[in-house]
Amino acid sequence: MRESEVSAESECPVSSYNEWDPLEEVIVGIVDGAHFPPWHVSVGAPLSPEQRAVFRDSAGKPFPADAIAAARDELDELVDILEGEGVKVRRPEPRDHSRSYGAPGWSSTGLYDAMPRDLLLIVGTDMIEAPMAWRSRSYSASAYRPLLKEYFRQGARWSSPPKPELPDELYVADWTDQPDGEPFRSVITEFEPTFDAADFIRCGRDIFAQRSHVTNAMGIEWVRRHLGEEYRIHELRLADDHPMHIDASLMPLAPGKLLIHPDRVPDVPEIFKDWEVRTAPKPVIPDGHPLYMTSKWINMNVLMIDEERMVVEAQDVPMRRLAESWGMTAIPCPFRNFNSFGGSFHCATTDIRRRGSLRSYF
Ligand code: ARG
């Protein structure tokens with residue numbers, strides 16, 4: 001068979017339509033070389049006031065070496081656990097995030113390659129590279145290019161939206177938080193399409209998306225037109241004051257099972273009316289624990305190996321109980337040090353292959 005004919009789902013190395021079909025291959029991120037990005041209004045917007053102060057003071061510096069080492073160990077343990085469950089794991093190439101790069105009008109250094117979920121939107125056999133709005137993440141795809149090329153050679157589709165230029169016009173220079181109770185005010189404009197892959201969550205033919213400080217309406221529209229009539233892209237308005245990534249607000253765990261943040265989803269979208277909806281238990285992460293760029297609700301950022309097996313933070317007893325009371329098996333993995341970098345199991349991974357096909361669950 002010629003290479004160009006290797007496109008049947010069953011043979012394609014890349015195939016994943018939802019968050020719960022049996023996981024066969026996954027990319028797990030790396031924290032090595034993680035740096036705070038140069039300070040920019042877009043970097044501060046999704047953060048809390050305390051986090052902004054840290055990012056301002058540490059701009060351009062590496063994350064603390066001991067934090068990186070502890071998170072690296074946890075990632076390695078996650079890899080062992082996934083492999084033990086029969087999943088093939090791939091890792092990106094370490095890169096030097098202190099190197100500067102740029103485009104007309106701006107320059108930046110990098111962040112990290114810890115969260116493949118933020119960059120790669122896998123829809124079926126299509127690997128979509130997100131056009132990220134943070135200048136510090138505009139070369140994020142480089143870490144994954146060796147893998148993307150390998151998958152492409154083996155028959156996967158490989159898509160990239162128009163490369164964003166990220167000029168000053170994309171950002172609201174004098175952006176400030178919206179006053180309490182007022183509608184969300186994004187730090188990005190509609191200058192050009194941008195999105196992070198993690199502002200999308202997949203349920204077969206239905207994909208849910210949110211506008212955020214990194215995803216604009218044009219970005220969502222690009223995905224909608226690109227995927228075409230086989231998919232329905234639903235834009236949700238969630239009650240997240242600092243939105244960046246939907247996967248600590250709304251997590252479909254299995255057909256008919258939706259986990260939600262207790263405050264960010266005041267009205268469960270009508271489409272989920274036949275699903276059982278449960279609220280994430282209160283996070284157990286202690287106050288003193290550093291969380292550089294996420295809220296404690298990262299506890300709900302779990303990874304489903306299939307409809308029954310859920311990877312859960314080892315110390316998160318309430319989430320383990322929730323899994324068990326919902327007929328699932330909780331697989332504990334220590335991940336609190338990784339959480340400091342802004343994500344948990346869902347963010348730290350991106351599915352490459354789940355056994356299953358394109359279906360409708362509503
Ligand atoms: N913005 C979310 C919160 O603060 C965290 C989302 C992390 N997700 C990710 N894919 N990096 O609760």
# chains A, B, ... in the order shown; residues from 1 in each chain; ligands from 1
>>> select_by_dssp(residues="range 81-302 of chain A", states="strand (DSSP E)", output="PyMOL selection string")
chain A and resi 88-90+101-103+106-108+120-123+126-129+157-159+200-203+206-210+232-236+250-254+257-260+276-279
>>> residues_near_ligand(ligand="ligand 1", cutoff="6 Å", atoms="only C-alpha atoms and all ligand atoms", output="VMD selection string")
chain A and resid 117 to 118 198 243 to 245 247 to 248 294 to 295 297 to 298 342 to 343 347
>>> closest_residue(among="A:Val317, A:Val41, A:Val302, A:Met127", to="Pro283 in chain A", atoms="only C-alpha atoms")
A:Val317
>>> select_by_dssp(residues="range 41-230 of chain A", states="alpha helix (DSSP H)", output="number ranges by chain")
A: 41-44, 49-58, 65-84, 116-119, 145-153, 217-227
>>> residues_around(residues="Arg321 in chain A", least_positions_apart="4", cutoff="12 Å", atoms="only C-alpha atoms", output="number ranges by chain")
A: 280-281, 310, 312-317, 325-332
>>> closest_residue(among="A:Pro116, A:Gly44, A:Pro104, A:Pro131", to="Thr350 in chain A", atoms="only C-alpha atoms")
A:Pro116
>>> closest_residue(among="A:Pro22, A:Gly356, A:Gly110, A:Pro64", to="Pro38 in chain A", atoms="only C-alpha atoms")
A:Gly110
>>> closest_residue(among="A:Val28, A:Arg225, A:Gly155, A:Met132", to="Ile81 in chain A", atoms="only C-alpha atoms")
A:Val28
>>> atom_distance(atom1="CA of Glu235 in chain A", atom2="CA of Ala209 in chain A")
4.8 Å
>>> residues_around(residues="Glu24 in chain A", least_positions_apart="5", cutoff="8 Å", atoms="only C-alpha atoms", output="ChimeraX atom specification")
/A:86-88,352-355
>>> write_last_selection(atoms="C-alpha atoms", output="short mmCIF file (atom, residue, chain, number, x, y, z; two decimals), in the first residue's frame")
data_model
loop_
_atom_site.label_atom_id
_atom_site.label_comp_id
_atom_site.auth_asym_id
_atom_site.auth_seq_id
_atom_site.Cartn_x
_atom_site.Cartn_y
_atom_site.Cartn_z
CA GLY A 86 -1.01 -0.41 28.37
CA VAL A 87 -0.79 3.08 26.84
CA LYS A 88 2.05 4.01 24.49
CA ILE A 352 -2.93 10.73 19.93
CA ARG A 353 -5.00 7.62 19.65
CA ARG A 354 -8.14 6.37 21.34
CA ARG A 355 -9.88 3.25 20.04
#
>>> residues_around(residues="Phe191 in chain A", least_positions_apart="2", cutoff="12 Å", atoms="only C-alpha atoms", output="PDB file with C-alpha atoms, in the first residue's frame")
ATOM      1  CA  ALA A 133      -2.051  34.209  21.463  1.00  0.00           C
ATOM      2  CA  PRO A 164      -0.821  34.707  13.880  1.00  0.00           C
ATOM      3  CA  GLU A 165       1.326  37.807  13.541  1.00  0.00           C
ATOM      4  CA  LEU A 166       0.713  38.774  17.192  1.00  0.00           C
ATOM      5  CA  PRO A 167       1.170  42.520  16.673  1.00  0.00           C
ATOM      6  CA  ASP A 168       0.208  45.041  19.338  1.00  0.00           C
ATOM      7  CA  GLU A 169      -3.209  45.391  17.680  1.00  0.00           C
ATOM      8  CA  LEU A 170      -4.125  41.905  18.885  1.00  0.00           C
ATOM      9  CA  TYR A 171      -3.934  43.039  22.517  1.00  0.00           C
ATOM     10  CA  VAL A 172      -5.891  45.559  24.568  1.00  0.00           C
ATOM     11  CA  VAL A 187      -7.338  40.979  26.713  1.00  0.00           C
ATOM     12  CA  ILE A 188      -7.261  39.966  23.051  1.00  0.00           C
ATOM     13  CA  THR A 189      -9.091  41.584  20.161  1.00  0.00           C
ATOM     14  CA  PRO A 193      -7.836  34.197  14.712  1.00  0.00           C
ATOM     15  CA  THR A 194      -6.141  32.870  17.830  1.00  0.00           C
ATOM     16  CA  THR A 215      -9.186  32.298  22.295  1.00  0.00           C
ATOM     17  CA  ASN A 216     -11.192  34.804  20.275  1.00  0.00           C
ATOM     18  CA  ALA A 217     -14.354  34.469  18.186  1.00  0.00           C
ATOM     19  CA  MET A 218     -12.360  34.264  14.964  1.00  0.00           C
ATOM     20  CA  GLY A 219     -10.347  31.408  16.430  1.00  0.00           C
TER      21      GLY A 219
END
>>> closest_residue(among="A:Ile201, A:Leu120, A:Leu291, A:Val89", to="Asn18 in chain A", atoms="only C-alpha atoms")
A:Ile201
>>> residues_around(residues="Asp21 in chain A", least_positions_apart="5", cutoff="12 Å", atoms="only C-alpha atoms", output="PyMOL selection string")
chain A and resi 15-16+124+202-204+252-255+303-310+351-359
>>> residues_around(residues="Gln210 in chain A", least_positions_apart="2", cutoff="7 Å", atoms="only C-alpha atoms", output="list in words")
Asp199, Phe200, Ser212, Glu235, Leu236, Arg237 and Ile246 of chain A
>>> write_last_selection(atoms="N, CA and C atoms", output="short mmCIF file (atom, residue, chain, number, x, y, z; two decimals), in the first residue's frame")
data_model
loop_
_atom_site.label_atom_id
_atom_site.label_comp_id
_atom_site.auth_asym_id
_atom_site.auth_seq_id
_atom_site.Cartn_x
_atom_site.Cartn_y
_atom_site.Cartn_z
N ASP A 199 -9.00 25.35 25.01
CA ASP A 199 -10.30 26.01 25.13
C ASP A 199 -11.39 25.22 24.41
N PHE A 200 -11.03 24.03 23.93
CA PHE A 200 -11.99 23.14 23.25
C PHE A 200 -12.02 21.82 24.00
N SER A 212 -11.79 33.19 25.56
CA SER A 212 -10.99 33.37 26.78
C SER A 212 -9.98 34.49 26.54
N GLU A 235 -20.26 27.21 21.30
CA GLU A 235 -19.53 28.17 22.13
C GLU A 235 -20.27 28.36 23.44
N LEU A 236 -19.60 28.10 24.54
CA LEU A 236 -20.22 28.23 25.86
C LEU A 236 -19.73 29.51 26.53
N ARG A 237 -20.63 30.16 27.25
CA ARG A 237 -20.23 31.29 28.09
C ARG A 237 -20.20 30.78 29.53
N ILE A 246 -10.65 25.45 29.06
CA ILE A 246 -11.98 25.03 29.54
C ILE A 246 -11.91 23.82 30.46
#
